[in-house]
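As provided, model-v4.txt (compact mmCIF, C-alpha atoms and all ligand atoms) reads as follows.
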```txt
# COMPACT_ATOMS: atom_id res chain seq x y z
CA MET Y 1 18.65 -11.94 -12.18
CA THR Y 2 15.25 -13.39 -11.26
CA ASP Y 3 14.55 -11.05 -8.38
CA ILE Y 4 11.63 -8.80 -9.36
CA LEU Y 5 13.46 -5.81 -7.86
CA ASP Y 6 16.15 -6.13 -10.56
CA LEU Y 7 13.54 -4.86 -13.01
CA PHE Y 8 13.98 -1.48 -11.33
CA PRO Y 9 17.80 -1.08 -11.40
CA GLN Y 10 17.69 2.52 -10.18
CA TYR Y 11 16.12 1.35 -6.90
CA ALA Y 12 17.07 -2.33 -6.70
CA GLU Y 13 19.89 -2.04 -4.23
CA GLU Y 14 18.13 0.17 -1.68
CA LEU Y 15 14.88 -1.83 -1.99
CA LYS Y 16 16.72 -5.09 -1.35
CA LEU Y 17 18.19 -3.60 1.81
CA LEU Y 18 14.74 -2.42 2.87
CA ARG Y 19 13.33 -5.90 2.25
CA LYS Y 20 16.12 -7.37 4.35
CA THR Y 21 15.29 -4.99 7.19
CA ALA Y 22 11.61 -5.99 6.99
CA ARG Y 23 12.52 -9.69 6.86
CA GLU Y 24 14.80 -9.47 9.89
CA PHE Y 25 12.22 -7.46 11.82
CA ALA Y 26 9.64 -10.17 11.11
CA GLN Y 27 12.04 -12.98 12.02
CA ARG Y 28 12.80 -11.33 15.35
CA ASN Y 29 9.27 -10.41 16.31
CA PHE Y 30 6.62 -12.49 14.52
CA SER Y 31 5.32 -15.88 15.50
CA PRO Y 32 2.31 -17.91 14.42
CA GLU Y 33 1.37 -18.35 18.12
CA LEU Y 34 1.06 -14.58 18.55
CA ALA Y 35 -0.91 -14.31 15.32
CA ARG Y 36 -3.35 -17.04 16.41
CA GLU Y 37 -3.79 -15.39 19.79
CA LEU Y 38 -4.48 -11.91 18.36
CA ASP Y 39 -6.78 -13.40 15.73
CA LYS Y 40 -8.81 -15.02 18.52
CA LYS Y 41 -8.86 -11.99 20.80
CA GLU Y 42 -9.39 -9.53 17.93
CA GLU Y 43 -6.53 -7.41 19.24
CA PHE Y 44 -4.18 -5.05 17.45
CA PRO Y 45 -0.40 -5.77 17.72
CA TRP Y 46 0.49 -2.42 19.33
CA ASP Y 47 3.95 -3.45 20.40
CA LEU Y 48 4.93 -4.59 16.90
CA TYR Y 49 3.33 -1.53 15.32
CA ARG Y 50 5.47 0.77 17.50
CA LYS Y 51 8.61 -1.22 16.73
CA ALA Y 52 7.87 -1.10 12.99
CA GLY Y 53 7.46 2.67 13.36
CA GLU Y 54 10.87 2.98 14.99
CA LEU Y 55 12.42 1.23 11.96
CA GLY Y 56 10.62 3.48 9.44
CA LEU Y 57 8.62 0.55 8.06
CA LEU Y 58 5.16 2.13 8.36
CA ALA Y 59 5.53 4.58 5.49
CA PRO Y 60 8.69 3.84 3.51
CA SER Y 61 7.91 6.21 0.62
CA ILE Y 62 6.95 9.22 2.76
CA PRO Y 63 9.68 11.88 3.24
CA THR Y 64 11.67 11.71 6.46
CA GLU Y 65 10.47 15.19 7.54
CA TYR Y 66 7.14 13.47 8.33
CA ASN Y 67 8.90 10.47 9.88
CA GLY Y 68 8.49 8.34 6.78
CA GLY Y 69 11.25 6.12 5.42
CA GLY Y 70 12.40 8.68 2.82
CA PHE Y 71 12.43 6.32 -0.19
CA SER Y 72 11.86 8.07 -3.50
CA THR Y 73 9.61 5.35 -4.90
CA TYR Y 74 6.24 3.95 -3.89
CA LEU Y 75 7.66 0.49 -4.66
CA ALA Y 76 9.19 0.71 -1.18
CA ASP Y 77 5.72 0.46 0.40
CA ILE Y 78 4.96 -2.62 -1.67
CA VAL Y 79 8.22 -4.33 -0.75
CA VAL Y 80 7.57 -3.93 2.99
CA THR Y 81 3.89 -4.88 2.75
CA GLU Y 82 4.70 -8.03 0.81
CA GLU Y 83 7.59 -9.04 3.04
CA LEU Y 84 5.84 -8.55 6.40
CA ILE Y 85 2.71 -10.32 5.21
CA ARG Y 86 4.70 -13.15 3.67
CA ALA Y 87 6.36 -13.63 7.07
CA GLU Y 88 3.04 -13.68 8.95
CA PRO Y 89 -0.20 -12.60 7.26
CA THR Y 90 -2.27 -11.64 10.31
CA LEU Y 91 0.49 -9.59 11.94
CA GLY Y 92 1.73 -8.12 8.65
CA THR Y 93 -1.70 -6.97 7.49
CA ALA Y 94 -2.44 -5.41 10.88
CA ILE Y 95 0.81 -3.46 11.01
CA MET Y 96 0.60 -2.20 7.45
CA SER Y 97 -3.06 -1.18 7.88
CA GLY Y 98 -2.25 1.00 10.90
CA PRO Y 99 -1.52 4.13 8.82
CA PHE Y 100 -4.47 3.48 6.42
CA SER Y 101 -5.51 6.67 4.56
CA SER Y 102 -2.72 8.81 6.01
CA HIS Y 103 -1.36 9.03 2.44
CA LEU Y 104 -4.48 11.02 1.61
CA LEU Y 105 -3.39 13.68 4.09
CA TYR Y 106 0.13 13.50 2.70
CA PHE Y 107 -1.20 14.10 -0.85
CA PHE Y 108 -3.74 16.82 -0.06
CA GLY Y 109 -3.18 18.21 3.45
CA THR Y 110 -1.67 21.63 4.14
CA GLU Y 111 1.96 21.68 5.25
CA GLU Y 112 0.82 22.47 8.78
CA GLN Y 113 -1.61 19.52 8.82
CA LYS Y 114 1.03 17.12 7.52
CA LYS Y 115 3.63 18.25 10.05
CA LYS Y 116 1.16 17.90 12.90
CA TYR Y 117 -0.62 14.67 12.05
CA LEU Y 118 1.70 12.42 10.06
CA PRO Y 119 4.75 11.95 12.33
CA PRO Y 120 2.85 10.35 15.27
CA VAL Y 121 1.32 7.84 12.84
CA TYR Y 122 4.62 6.88 11.23
CA LYS Y 123 6.35 6.65 14.61
CA GLY Y 124 3.74 4.04 15.52
CA GLU Y 125 2.17 6.16 18.27
CA THR Y 126 -1.31 6.13 16.77
CA THR Y 127 -3.16 4.52 13.89
CA PHE Y 128 -5.12 6.61 11.35
CA PHE Y 129 -8.53 6.18 9.73
CA GLY Y 130 -10.20 7.14 6.45
CA ALA Y 131 -14.00 7.24 6.85
CA TYR Y 132 -15.92 7.18 3.59
CA THR Y 133 -18.46 4.32 3.89
CA GLU Y 134 -21.91 4.76 5.46
CA PRO Y 135 -24.59 2.17 6.08
CA GLU Y 136 -26.56 3.30 3.01
CA HIS Y 137 -23.57 4.35 0.90
CA GLY Y 138 -20.87 1.75 0.34
CA THR Y 139 -19.87 1.39 -3.30
CA ASP Y 140 -21.88 4.47 -4.18
CA ILE Y 141 -20.50 7.43 -2.21
CA THR Y 142 -21.72 10.04 -4.67
CA GLN Y 143 -24.30 11.25 -2.12
CA LEU Y 144 -23.64 10.97 1.61
CA ASN Y 145 -25.91 11.18 4.63
CA THR Y 146 -23.18 12.66 6.82
CA ILE Y 147 -23.73 16.40 6.60
CA ALA Y 148 -21.22 19.17 7.39
CA GLU Y 149 -23.07 22.44 7.68
CA ARG Y 150 -21.03 25.63 7.54
CA LYS Y 151 -21.57 28.15 10.37
CA GLY Y 152 -19.11 31.05 9.98
CA ASP Y 153 -15.60 29.76 10.44
CA LYS Y 154 -16.63 26.28 11.50
CA PHE Y 155 -18.64 23.27 10.35
CA ILE Y 156 -21.22 21.31 12.35
CA ILE Y 157 -21.04 17.64 11.35
CA ARG Y 158 -23.71 15.04 11.98
CA GLY Y 159 -24.00 11.54 10.64
CA MET Y 160 -22.46 8.12 10.88
CA LYS Y 161 -19.73 6.08 9.21
CA THR Y 162 -19.40 2.32 9.27
CA PHE Y 163 -16.74 -0.36 8.67
CA ILE Y 164 -13.98 2.13 9.48
CA THR Y 165 -10.57 0.48 9.79
CA ASN Y 166 -8.66 1.69 12.89
CA ALA Y 167 -11.54 3.83 14.21
CA PRO Y 168 -11.30 2.08 17.62
CA THR Y 169 -7.52 2.67 17.97
CA ALA Y 170 -6.83 5.92 16.08
CA LYS Y 171 -6.50 9.32 17.73
CA TYR Y 172 -7.62 10.92 14.47
CA GLY Y 173 -8.22 10.39 10.78
CA VAL Y 174 -10.00 11.87 7.77
CA LEU Y 175 -13.73 11.76 7.11
CA LEU Y 176 -15.75 12.54 3.99
CA ALA Y 177 -18.93 14.57 4.49
CA GLN Y 178 -21.51 16.32 2.38
CA THR Y 179 -21.00 20.09 2.59
CA GLU Y 180 -23.51 20.99 -0.14
CA PRO Y 181 -26.02 18.12 -0.44
CA GLU Y 182 -27.71 19.48 -3.56
CA LYS Y 183 -24.38 19.30 -5.42
CA ARG Y 184 -24.02 15.58 -4.64
CA HIS Y 185 -20.39 14.45 -5.22
CA ARG Y 186 -19.40 17.99 -6.23
CA GLY Y 187 -20.34 19.18 -2.75
CA GLN Y 188 -18.26 16.88 -0.54
CA THR Y 189 -15.36 17.80 1.75
CA LEU Y 190 -12.74 15.90 3.72
CA PHE Y 191 -12.23 16.79 7.38
CA ILE Y 192 -9.66 15.82 9.99
CA ILE Y 193 -11.60 14.39 12.93
CA HIS Y 194 -10.26 13.50 16.38
CA THR Y 195 -11.89 10.53 18.05
CA ASP Y 196 -11.90 12.22 21.48
CA TRP Y 197 -13.74 15.37 20.35
CA PRO Y 198 -17.10 16.14 21.99
CA GLY Y 199 -19.91 14.57 19.97
CA VAL Y 200 -17.71 11.84 18.43
CA THR Y 201 -18.50 8.27 19.53
CA ILE Y 202 -16.72 5.14 18.34
CA ARG Y 203 -18.21 1.66 18.49
CA LYS Y 204 -15.93 -1.29 17.79
CA LEU Y 205 -17.33 -3.92 15.40
CA THR Y 206 -16.39 -7.47 16.30
CA GLY Y 207 -16.96 -10.87 14.73
CA LYS Y 208 -15.13 -10.38 11.44
CA MET Y 209 -14.28 -13.42 9.31
CA GLY Y 210 -10.61 -12.47 9.04
CA GLN Y 211 -8.11 -9.65 9.57
CA ARG Y 212 -9.43 -9.87 13.10
CA SER Y 213 -6.48 -8.10 14.65
CA ILE Y 214 -7.24 -5.01 12.55
CA PRO Y 215 -9.79 -3.02 14.55
CA VAL Y 216 -12.84 -1.81 12.64
CA GLY Y 217 -15.60 0.41 13.97
CA GLU Y 218 -18.45 2.79 13.48
CA ILE Y 219 -18.08 6.54 13.95
CA TYR Y 220 -21.08 8.54 15.18
CA LEU Y 221 -21.00 12.32 14.83
CA ASP Y 222 -23.53 14.23 16.90
CA ASN Y 223 -23.29 17.92 15.92
CA VAL Y 224 -19.51 17.89 16.11
CA GLU Y 225 -18.02 21.39 15.86
CA VAL Y 226 -15.08 21.41 13.45
CA PRO Y 227 -13.14 24.65 12.86
CA ILE Y 228 -12.28 25.38 9.24
CA ASP Y 229 -8.58 24.69 9.94
CA TYR Y 230 -9.49 20.99 10.03
CA VAL Y 231 -10.69 20.90 6.42
CA VAL Y 232 -8.14 18.76 4.58
CA GLY Y 233 -6.15 21.15 2.40
CA GLY Y 234 -7.64 24.21 4.14
CA GLU Y 235 -10.13 26.54 2.44
CA LYS Y 236 -9.21 25.21 -1.03
CA GLY Y 237 -10.25 21.71 0.07
CA ILE Y 238 -13.91 22.69 0.40
CA ASN Y 239 -15.99 20.63 -2.06
CA GLN Y 240 -12.91 18.77 -3.31
CA GLY Y 241 -13.49 15.75 -1.08
CA PHE Y 242 -14.93 13.31 -3.60
CA TYR Y 243 -12.26 14.02 -6.21
CA TRP Y 244 -9.41 13.80 -3.72
CA THR Y 245 -10.80 10.56 -2.32
CA LEU Y 246 -10.88 8.98 -5.78
CA ALA Y 247 -7.41 10.31 -6.60
CA TYR Y 248 -6.15 8.77 -3.38
CA PHE Y 249 -7.85 5.43 -4.06
CA ASN Y 250 -6.08 5.32 -7.41
CA VAL Y 251 -2.95 4.71 -5.35
CA SER Y 252 -4.21 3.08 -2.18
CA ARG Y 253 -5.93 0.14 -3.86
CA ILE Y 254 -2.46 -1.21 -4.57
CA GLY Y 255 -2.43 -1.86 -0.80
CA PRO Y 256 -4.81 -4.85 -0.88
CA ALA Y 257 -3.13 -6.01 -4.07
CA ALA Y 258 0.25 -6.11 -2.31
CA MET Y 259 -1.39 -7.77 0.69
CA ALA Y 260 -2.69 -10.47 -1.65
CA ILE Y 261 0.85 -11.09 -2.94
CA GLY Y 262 2.20 -11.48 0.61
CA LEU Y 263 -0.68 -13.77 1.54
CA MET Y 264 -0.22 -15.94 -1.54
CA LEU Y 265 3.51 -16.23 -0.96
CA SER Y 266 2.95 -17.22 2.63
CA ALA Y 267 0.36 -19.84 1.66
CA PHE Y 268 2.61 -21.12 -1.13
CA ASP Y 269 5.63 -21.44 1.19
CA LYS Y 270 3.56 -23.49 3.64
CA ALA Y 271 1.98 -25.71 0.98
CA PHE Y 272 5.28 -26.40 -0.76
CA GLU Y 273 6.97 -27.45 2.50
CA TYR Y 274 3.97 -29.57 3.50
CA ALA Y 275 3.85 -31.34 0.12
CA LYS Y 276 7.51 -32.34 0.53
CA LYS Y 277 6.88 -33.80 3.99
CA ARG Y 278 3.46 -35.46 3.85
CA VAL Y 279 3.59 -39.12 2.87
CA GLN Y 280 0.67 -41.04 1.33
CA PHE Y 281 0.77 -44.26 -0.69
CA GLY Y 282 4.37 -44.66 0.49
CA GLN Y 283 5.70 -41.43 -1.00
CA GLN Y 284 5.72 -37.67 -0.52
CA ILE Y 285 2.58 -36.14 -1.96
CA ILE Y 286 4.73 -33.69 -4.01
CA ASN Y 287 5.43 -36.69 -6.28
CA PHE Y 288 1.78 -36.80 -7.34
CA GLN Y 289 1.15 -34.91 -10.55
CA LEU Y 290 -2.16 -33.50 -9.35
CA ILE Y 291 -0.34 -31.86 -6.44
CA GLN Y 292 2.37 -30.66 -8.83
CA GLU Y 293 -0.29 -29.14 -11.05
CA LYS Y 294 -1.53 -27.11 -8.11
CA LEU Y 295 1.93 -25.96 -7.04
CA GLY Y 296 2.87 -25.04 -10.60
CA ARG Y 297 -0.33 -23.06 -11.07
CA MET Y 298 0.08 -21.33 -7.70
CA ALA Y 299 3.62 -20.23 -8.52
CA MET Y 300 2.54 -19.05 -11.97
CA LEU Y 301 -0.37 -16.98 -10.65
CA ILE Y 302 1.78 -15.42 -7.94
CA GLU Y 303 4.39 -14.40 -10.51
CA ALA Y 304 1.77 -12.93 -12.84
CA ALA Y 305 0.05 -11.00 -10.05
CA ARG Y 306 3.33 -9.79 -8.65
CA SER Y 307 4.42 -8.41 -12.04
CA LEU Y 308 1.17 -6.51 -12.37
CA VAL Y 309 1.29 -5.10 -8.85
CA TYR Y 310 4.91 -3.95 -9.03
CA ARG Y 311 4.26 -2.35 -12.39
CA ALA Y 312 1.24 -0.49 -11.01
CA ALA Y 313 3.24 0.65 -7.98
CA TYR Y 314 6.05 1.87 -10.25
CA TYR Y 315 3.57 4.09 -12.12
CA VAL Y 316 2.55 5.77 -8.86
CA ASP Y 317 5.82 7.71 -8.82
CA ASP Y 318 4.83 9.43 -12.08
CA TYR Y 319 1.14 9.69 -11.17
CA ILE Y 320 1.83 11.78 -8.10
CA LYS Y 321 3.92 14.11 -10.27
CA PHE Y 322 0.83 14.53 -12.53
CA LYS Y 323 2.55 12.70 -15.40
CA ILE Y 324 -0.13 10.00 -15.75
CA ASP Y 325 -3.79 10.55 -16.54
CA PRO Y 326 -5.85 9.76 -13.40
CA ARG Y 327 -8.27 7.54 -15.33
CA ALA Y 328 -5.36 5.55 -16.78
CA MET Y 329 -3.89 5.21 -13.30
CA ALA Y 330 -7.28 4.11 -11.97
CA ALA Y 331 -7.48 1.39 -14.64
CA ILE Y 332 -3.93 0.15 -13.97
CA THR Y 333 -4.33 -0.07 -10.20
CA SER Y 334 -7.83 -1.54 -10.50
CA ALA Y 335 -6.49 -4.28 -12.79
CA ALA Y 336 -3.69 -5.05 -10.32
CA LYS Y 337 -6.08 -5.08 -7.35
CA VAL Y 338 -8.71 -7.30 -8.99
CA PHE Y 339 -6.25 -9.73 -10.50
CA ALA Y 340 -4.06 -10.16 -7.41
CA THR Y 341 -6.97 -10.52 -4.97
CA ASP Y 342 -8.99 -12.82 -7.24
CA VAL Y 343 -6.11 -15.21 -7.91
CA ALA Y 344 -5.23 -15.14 -4.19
CA ASN Y 345 -8.64 -16.71 -3.63
CA GLN Y 346 -7.58 -19.70 -5.70
CA VAL Y 347 -3.95 -19.86 -4.58
CA ILE Y 348 -4.74 -19.85 -0.86
CA ASP Y 349 -7.60 -22.28 -1.37
CA ASP Y 350 -5.17 -24.62 -3.16
CA ALA Y 351 -2.78 -24.31 -0.20
CA ILE Y 352 -5.60 -25.52 2.06
CA GLN Y 353 -6.38 -28.36 -0.36
CA ILE Y 354 -2.75 -29.52 -0.40
CA HIS Y 355 -2.90 -29.72 3.42
CA GLY Y 356 -5.98 -31.97 3.22
CA GLY Y 357 -7.96 -32.10 6.48
CA TYR Y 358 -5.12 -30.45 8.39
CA GLY Y 359 -5.57 -27.35 6.26
CA TYR Y 360 -8.99 -26.90 7.81
CA PHE Y 361 -7.57 -26.55 11.33
CA GLU Y 362 -6.06 -23.42 12.87
CA GLU Y 363 -2.82 -25.16 13.86
CA PHE Y 364 -1.75 -25.27 10.21
CA ASP Y 365 -2.52 -21.55 9.69
CA VAL Y 366 -3.61 -21.65 6.04
CA GLU Y 367 -7.31 -21.43 6.98
CA ARG Y 368 -6.48 -18.14 8.76
CA TYR Y 369 -4.63 -16.89 5.69
CA TRP Y 370 -7.73 -17.51 3.59
CA ARG Y 371 -9.90 -15.66 6.12
CA ASP Y 372 -7.41 -12.77 6.21
CA HIS Y 373 -7.36 -12.60 2.44
CA ARG Y 374 -11.10 -12.67 1.75
CA VAL Y 375 -11.84 -9.01 2.49
CA THR Y 376 -9.23 -7.79 0.00
CA ARG Y 377 -11.82 -8.51 -2.71
CA ILE Y 378 -14.34 -6.29 -0.91
CA TYR Y 379 -12.66 -3.17 0.42
CA GLU Y 380 -10.88 -0.33 -1.40
CA GLY Y 381 -13.64 -0.69 -3.98
CA THR Y 382 -15.19 -4.11 -4.51
CA ASN Y 383 -13.65 -6.06 -7.35
CA GLU Y 384 -16.85 -5.54 -9.33
CA ILE Y 385 -16.58 -1.75 -9.19
CA ASN Y 386 -12.88 -1.89 -9.99
CA LEU Y 387 -13.65 -3.81 -13.17
CA LEU Y 388 -16.17 -1.11 -14.08
CA THR Y 389 -13.42 1.48 -13.47
CA ILE Y 390 -11.28 -0.27 -16.10
CA VAL Y 391 -14.11 -0.13 -18.62
CA ASP Y 392 -14.73 3.54 -17.82
CA ALA Y 393 -11.11 4.34 -18.72
CA LEU Y 394 -11.42 2.30 -21.93
CA ARG Y 395 -14.63 4.00 -23.00
CA ARG Y 396 -13.16 7.44 -22.39
CA ASP Y 397 -10.06 6.54 -24.38
CA ALA Y 398 -7.88 7.22 -21.35
CA TRP Y 399 -6.19 3.85 -21.31
CA LYS Y 400 -5.83 0.67 -23.35
CA PRO Y 401 -4.33 -2.69 -22.39
C1 LIG T 1 -13.08 -5.27 7.09
C2 LIG T 1 -13.53 -4.05 6.36
C3 LIG T 1 -12.80 -2.87 6.49
C4 LIG T 1 -13.23 -1.71 5.86
N1 LIG T 1 -12.54 -0.54 6.04
C5 LIG T 1 -13.06 0.63 5.56
C6 LIG T 1 -12.46 1.89 5.88
O1 LIG T 1 -11.43 1.97 6.55
N2 LIG T 1 -13.06 3.02 5.43
C7 LIG T 1 -14.20 3.00 4.70
O2 LIG T 1 -14.70 4.06 4.35
N3 LIG T 1 -14.79 1.81 4.35
C8 LIG T 1 -14.25 0.64 4.77
N4 LIG T 1 -14.84 -0.56 4.46
C9 LIG T 1 -16.06 -0.55 3.67
C10 LIG T 1 -15.86 -1.09 2.26
O3 LIG T 1 -15.14 -0.18 1.50
C11 LIG T 1 -17.27 -1.36 1.69
O4 LIG T 1 -17.76 -2.50 2.37
C12 LIG T 1 -17.26 -1.55 0.19
O5 LIG T 1 -16.98 -0.33 -0.44
C13 LIG T 1 -18.60 -2.08 -0.34
O6 LIG T 1 -19.67 -1.36 0.17
P1 LIG T 1 -20.91 -2.15 0.82
O7 LIG T 1 -20.35 -3.06 1.84
O8 LIG T 1 -21.92 -1.15 1.26
O9 LIG T 1 -21.48 -3.03 -0.36
P2 LIG T 1 -22.51 -2.56 -1.54
O10 LIG T 1 -22.05 -1.26 -2.12
O11 LIG T 1 -23.87 -2.62 -0.95
O12 LIG T 1 -22.30 -3.71 -2.57
C14 LIG T 1 -22.95 -4.98 -2.51
C15 LIG T 1 -22.59 -5.78 -3.76
O13 LIG T 1 -23.11 -5.09 -4.93
C16 LIG T 1 -22.05 -4.86 -5.84
N5 LIG T 1 -22.27 -3.57 -6.53
C17 LIG T 1 -22.55 -2.36 -5.98
N6 LIG T 1 -22.68 -1.44 -6.95
C18 LIG T 1 -22.44 -2.08 -8.12
C19 LIG T 1 -22.41 -1.67 -9.50
N7 LIG T 1 -22.63 -0.40 -9.86
N8 LIG T 1 -22.18 -2.61 -10.43
C20 LIG T 1 -21.94 -3.90 -10.09
N9 LIG T 1 -21.95 -4.34 -8.82
C21 LIG T 1 -22.19 -3.44 -7.85
C22 LIG T 1 -20.79 -4.82 -5.01
O14 LIG T 1 -19.64 -5.09 -5.80
C23 LIG T 1 -21.09 -5.91 -3.99
O15 LIG T 1 -20.80 -7.17 -4.55
C24 LIG T 1 -14.40 -1.75 5.05
C25 LIG T 1 -15.10 -2.94 4.89
C26 LIG T 1 -14.68 -4.08 5.54
C27 LIG T 1 -15.48 -5.33 5.37
```
Take the structure in the file and write it out as structure tokens.
Amino acid sequence: MTDILDLFPQYAEELKLLRKTAREFAQRNFSPELARELDKKEEFPWDLYRKAGELGLLAPSIPTEYNGGGFSTYLADIVVTEELIRAEPTLGTAIMSGPFSSHLLYFFGTEEQKKKYLPPVYKGETTFFGAYTEPEHGTDITQLNTIAERKGDKFIIRGMKTFITNAPTAKYGVLLAQTEPEKRHRGQTLFIIHTDWPGVTIRKLTGKMGQRSIPVGEIYLDNVEVPIDYVVGGEKGINQGFYWTLAYFNVSRIGPAAMAIGLMLSAFDKAFEYAKKRVQFGQQIINFQLIQEKLGRMAMLIEAARSLVYRAAYYVDDYIKFKIDPRAMAAITSAAKVFATDVANQVIDDAIQIHGGYGYFEEFDVERYWRDHRVTRIYEGTNEINLLTIVDALRRDAWKP
């Protein structure tokens, strides 16, 4: 009874089966050689992404009518994310980032939009993007420079988005624009944008520290004509963009938190095995208490972070049924995201330290894990802004630890 999934008896059996499916998929298809190669070439693992789609691993908690896995709990997404990344961090993070932001369309899109756009993503035929960040508006997206001007039954959009995950590979995604600039965040709208539309240009950004097989790019919009049907949620979505984006981030920031768990587990597995094999002073280094202190601390931090992340994911099921106050949910997922990604910094660094000089070389992989991990403290809200989100909930009496 020490499996974390046993804490959720109503789902434990089906989630264990799902985890087994993810594990076997990874064992059949993942290899560190492939990960090193894609990391070097900055290439997306298309073949694996498609195969994961065929197995329903890309969106376990989305209903089957949209080609999701049909699980009734968001915990399913966490289980797969953790397991694939534990098996191979570079490949796992790339695959699980492919559908990034498609949940936003699932939460707020019209039925027609969901039926049209979600199945190709979850079958692994295309990736998806969510474009919020601009060069001058990163943490602060309360006023955007990308303008969507209404002309009758369409919008004309001009502006630019940067650091957009999947922009170079996705056929489409969602984009946040300012529909009424004078209203600031109250005048923002989400649009579905196709990357092959006239006036849309994508530029791939290369040279990232880590997660190099996840494509990231800039999106330029030069007077792009967008019919009103492409407003997320239809007519009622106009000027709801900022609120819907925040409501979506209340859930999606569990993504990097779960990534951090997978990354830590992977680093721990490697370090533990290495410590049992490496001999210095005539004995395995695991016999040294200073190495034991590191391994003990790593295991403890992973367990603590994992408890927090699974708990946050469990609350999502009630949040999406409007049973949890959004500010409370924001605080809970922010705490999970900050804690898991911050301790991952230490845990993966300790894994490198246990490897000594070998840990600094690509052949031993842990240096790549650290590079893949580092951005989880930056995106989906920097850890600084997530801590402020916790305090906001406290000050408004929406949540207490
Ligand atoms: C690999 C990668 C992938 C990404 N993918 C996407 C994507 O798919 N879609 C998308 O829209 N964006 C994406 N981003 C952008 C990411 O969300 C932003 O980088 C992030 O929100 C921070 O914005 P910024 O980089 O402009 O930093 P800034 O906002 O300029 O922040 C700089 C520093 O100031 C701190 N800071 C800012 N405001 C405050 C404050 N009020 N109080 C305290 N500290 C503060 C920040 O925490 C940070 O440390 C991605 C970024 C990267 C690196």
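The contact shell of ligand LIG 1 (chain T), defined as all polymer residues within 6 Å when all atoms listed in the file are used, comprises Gly130, Ala131, Tyr132, Thr133, His137, Gly138, Thr139, Phe163, Ile164, Thr165, Val375, Ile378, Tyr379, Glu380, Gly381, Thr382, Glu384 and Ile385 of chain Y.
A straight line drawn from CA of Tyr74 (chain Y) to CA of Tyr310 (chain Y) is 9.5 Å long.
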Legend entry - Shell of 7 Å around region 18-25 of chain Y, only C-alpha atoms, local chain residues under 6 positions omitted, as a ChimeraX atom specification: /Y:79-80,83-84
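One distance worth recording is that between CA of Val391 (chain Y) and CA of Ala304 (chain Y), which is 21.2 Å.
Nearest to Ser101 (chain Y) of all the residues Y:Tyr122, Y:Phe8, Y:Phe128, Y:Trp370 is Y:Phe128, based on all atoms listed in the file.
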Legend entry - Residues within 8 Å of Lys51 (chain Y), only C-alpha atoms, excluding chain neighbours under 4 positions, as a PyMOL selection string: chain Y and resi 47+55+124
Legend entry - Coordinates-based distance that separates CA of Asp372 (chain Y) from CA of Thr206 (chain Y) (Å, one decimal): 14.5 Å
